[in-house]
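Here the structure is laid out as structure tokens; the discussion comes afterwards.
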Amino acid sequence: MSVRREALLWGAQRLSAALLALCVVVHLATMIYAAQAGLSAAQILARTRGNVAWLSFYSIFLLAVLVHVPIGLRAVLSEWLGWRGASRDAVLVAFAAALAWLGARAILGVFL
Amino acid sequence: MSTLQVRVWRGGPQGGDFHPYQVPRRASQSVLDVVTHIQRMLDPSLAYRFACRVGMCGSCAMTVNGVARWTCRTHVDKVCADGRLELAPLANLPVIRDLVTDMSEFFDKWTRARGRFQGRRGRHDDFERVAPDSPARKQVDAAIECIGCAVCYSSCDVVAWTPGYLGPAALNRAWTLQRDVRDAAQAERLRAVAGDAGCHACHTQLSCTERCPKRISPTSGIAGLKRDALAAALKGEL
């Protein structure tokens, strides 16, 4: 692992963390509002279907997760299991791909 | 006069355990005074290390009631409310004997972090002027008073998990040189301290900053190194 890549990964994790801080606050506020207002599933879907603003917001949220989580998990695997190198990175890419699939499915489920 | 119940770790690289001693309690007594009393009055075979006794040399650090401290400037009053003291060698360093640790690896890491000043000027050049109130010099001033006691290194969980990690003291030293406008080896040093054995391994848990007896914040310096490394990486200079 080059020190340059390490520095860039650190920058990516910091940037994605800043995005996540914002996204999580908006997401929680939305969830609390939906629960407090007693919105039904049908009422929620009526607000999200075809709504490009929500699609964009959750797409950015998902992208931030896809950057942040594998980098953090990479440090956990290195420090706790001593697992480094190409095999670890391949597993993390596969993990990120699984997250992307699940996240995209959830976003499109309420948009389409 | 009351008595302190002191347990001192005795042993070597193969292991050891705590031995009990009773030490007279005195006014303004430091933890180092307690250790010295044990060695001079109770058990001359006890090995420990000290030199200046005034908080300058950095040689008397030990684990006192579970916390790494400089013992010469730690009053018994401050750490011993119930009359009991437990003294052990510093963590994260190999034990030589009793309270004495081998600090070779600790200082080797300063070398690996390129902790040596490398100037540009020769003996025939004029002195370089450094404004004391310049931002870079202020950052150096905040971090320069390290005495090399290894309290930060002993308190760092990342050092415990990742033995190759350079540690807070070596990285703090590197940081002071990265902000020294006279230094000519900053690009090489940044390459030496970046990466997962260097500043990027730090989890910002702040144990080093909390425990540093000189009230330095190695965490701040390490964060500065991370920012410098990112800036250099984005410019293609790392």
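Each chain in the structure tokens gets a letter, A, B, ..., in the order shown, and its residues are numbered from 1; ligands are numbered from 1 in order too.
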
Nearby residues (only C-alpha atoms) at most 12 Å from Gln186 (chain B), same-chain spacing under 4 positions excluded, as a list in words: Ala113, Arg114, Gly115, Arg116, Phe117, Gln118, Gly119, Arg120, Ala174, Trp175, Thr176, Leu177, Gln178, Arg179, Asp180, Val181, Arg182, Leu190, Arg191, Ala192, Val193, Ala194, Leu225, Asp228, Ala229, Ala232, Glu237 and Leu238 of chain B

For Ala106 (chain A): contacts at 12 Å, only C-alpha atoms, fewer than 6 positions along chain excluded, given as a ChimeraX atom specification: /A:48,55,58-59,62,99-100,112

Within 12 Å of chain A: residues of chain B, using only C-alpha atoms, as a ChimeraX atom specification: /B:157-165,188-203,223,225-238

Residue neighbourhood region 15-30 of chain A, 7 Å, only C-alpha atoms, exclusion window fewer than 5 positions, as a list in words: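 Here the qualifying residues turn out to be Phe61, Ala64, Val67 and His68 of chain A.
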
Go ahead and save the picked residues with C-alpha atoms, as a short mmCIF file (atom, residue, chain, number, x, y, z; two decimals), in the first residue's frame.
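Resulting contents of out-v7.cif:
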```cif
data_model
loop_
_atom_site.label_atom_id
_atom_site.label_comp_id
_atom_site.auth_asym_id
_atom_site.auth_seq_id
_atom_site.Cartn_x
_atom_site.Cartn_y
_atom_site.Cartn_z
CA PHE A 61 -26.27 9.17 1.14
CA ALA A 64 -21.10 8.36 1.10
CA VAL A 67 -16.95 5.20 0.39
CA HIS A 68 -16.94 5.41 4.19
#
```

Near-Lys214 (chain B) list (10 Å; only C-alpha atoms; drop same-chain fewer than 3 positions) as a PyMOL selection string: chain B and resi 55-56+70+143-147+149+209+211+217

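Here CA of Leu92 (chain A) and CA of Leu73 (chain A) stand 7.8 Å from one another.
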
Residue contacts of region 88-91 of chain A (9 Å, only C-alpha atoms) excluding same-chain residues fewer than 6 positions away, as a PDB file with all heavy atoms, in the first residue's frame:
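Generated output (selection_14.pdb):
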```pdb
ATOM      1  N   PRO A  70     -16.370   0.768   3.685  1.00  0.00           N
ATOM      2  CA  PRO A  70     -15.257  -0.150   3.392  1.00  0.00           C
ATOM      3  C   PRO A  70     -13.907   0.365   3.909  1.00  0.00           C
ATOM      4  O   PRO A  70     -13.083  -0.429   4.360  1.00  0.00           O
ATOM      5  CB  PRO A  70     -15.252  -0.222   1.860  1.00  0.00           C
ATOM      6  CG  PRO A  70     -16.630   0.153   1.462  1.00  0.00           C
ATOM      7  CD  PRO A  70     -17.073   1.166   2.471  1.00  0.00           C
ATOM      8  N   ARG A  74     -11.769  -1.651   6.576  1.00  0.00           N
ATOM      9  CA  ARG A  74     -10.394  -2.002   6.208  1.00  0.00           C
ATOM     10  C   ARG A  74      -9.462  -1.839   7.417  1.00  0.00           C
ATOM     11  O   ARG A  74      -8.625  -2.705   7.698  1.00  0.00           O
ATOM     12  CB  ARG A  74      -9.975  -1.072   5.068  1.00  0.00           C
ATOM     13  CG  ARG A  74      -8.594  -1.243   4.545  1.00  0.00           C
ATOM     14  CD  ARG A  74      -8.421  -0.313   3.348  1.00  0.00           C
ATOM     15  NE  ARG A  74      -7.039  -0.197   2.979  1.00  0.00           N
ATOM     16  CZ  ARG A  74      -6.201   0.674   3.523  1.00  0.00           C
ATOM     17  NH1 ARG A  74      -6.612   1.500   4.457  1.00  0.00           N
ATOM     18  NH2 ARG A  74      -4.946   0.709   3.127  1.00  0.00           N
ATOM     19  N   LEU A  77     -10.248  -4.624   9.987  1.00  0.00           N
ATOM     20  CA  LEU A  77      -9.689  -5.930   9.603  1.00  0.00           C
ATOM     21  C   LEU A  77      -8.174  -5.955   9.791  1.00  0.00           C
ATOM     22  O   LEU A  77      -7.605  -6.969  10.203  1.00  0.00           O
ATOM     23  CB  LEU A  77     -10.047  -6.238   8.141  1.00  0.00           C
ATOM     24  CG  LEU A  77     -11.531  -6.487   7.853  1.00  0.00           C
ATOM     25  CD1 LEU A  77     -11.772  -6.671   6.359  1.00  0.00           C
ATOM     26  CD2 LEU A  77     -12.039  -7.699   8.626  1.00  0.00           C
ATOM     27  N   SER A  78      -7.519  -4.838   9.495  1.00  0.00           N
ATOM     28  CA  SER A  78      -6.061  -4.784   9.639  1.00  0.00           C
ATOM     29  C   SER A  78      -5.656  -4.876  11.098  1.00  0.00           C
ATOM     30  O   SER A  78      -4.745  -5.626  11.460  1.00  0.00           O
ATOM     31  CB  SER A  78      -5.511  -3.475   9.061  1.00  0.00           C
ATOM     32  OG  SER A  78      -5.899  -3.327   7.730  1.00  0.00           O
TER      33      SER A  78
END
```

Straight-line distance linking CA of Leu45 (chain A) with CA of Gly103 (chain A), stated in Å to one decimal: 16.9 Å

Between CA of Cys156 (chain B) and CA of Ser220 (chain B) - distance in Å to one decimal: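 We find that CA of Ser220 (chain B) and CA of Cys156 (chain B) lie 14.6 Å from each other.
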
Nearby residues (only C-alpha atoms) at most 10 Å from region 101-112 of chain B, same-chain spacing under 6 positions excluded, as a PyMOL selection string: chain B and resi 12-13+48-49+59+61-62+89-95+148-150+153-154+163-174+189+192-193+198

Neighbour list for Ala46 (chain A) as a PyMOL selection string, cut-off 12 Å, only C-alpha atoms, skip fewer than 6 positions in-chain: chain A and resi 39-40+110-112

DSSP-assigned strand (DSSP E) members of region 60-106 of chain B, reported as a PyMOL selection string: chain B and resi 61-64+67-70+84-88+95-97+100-101
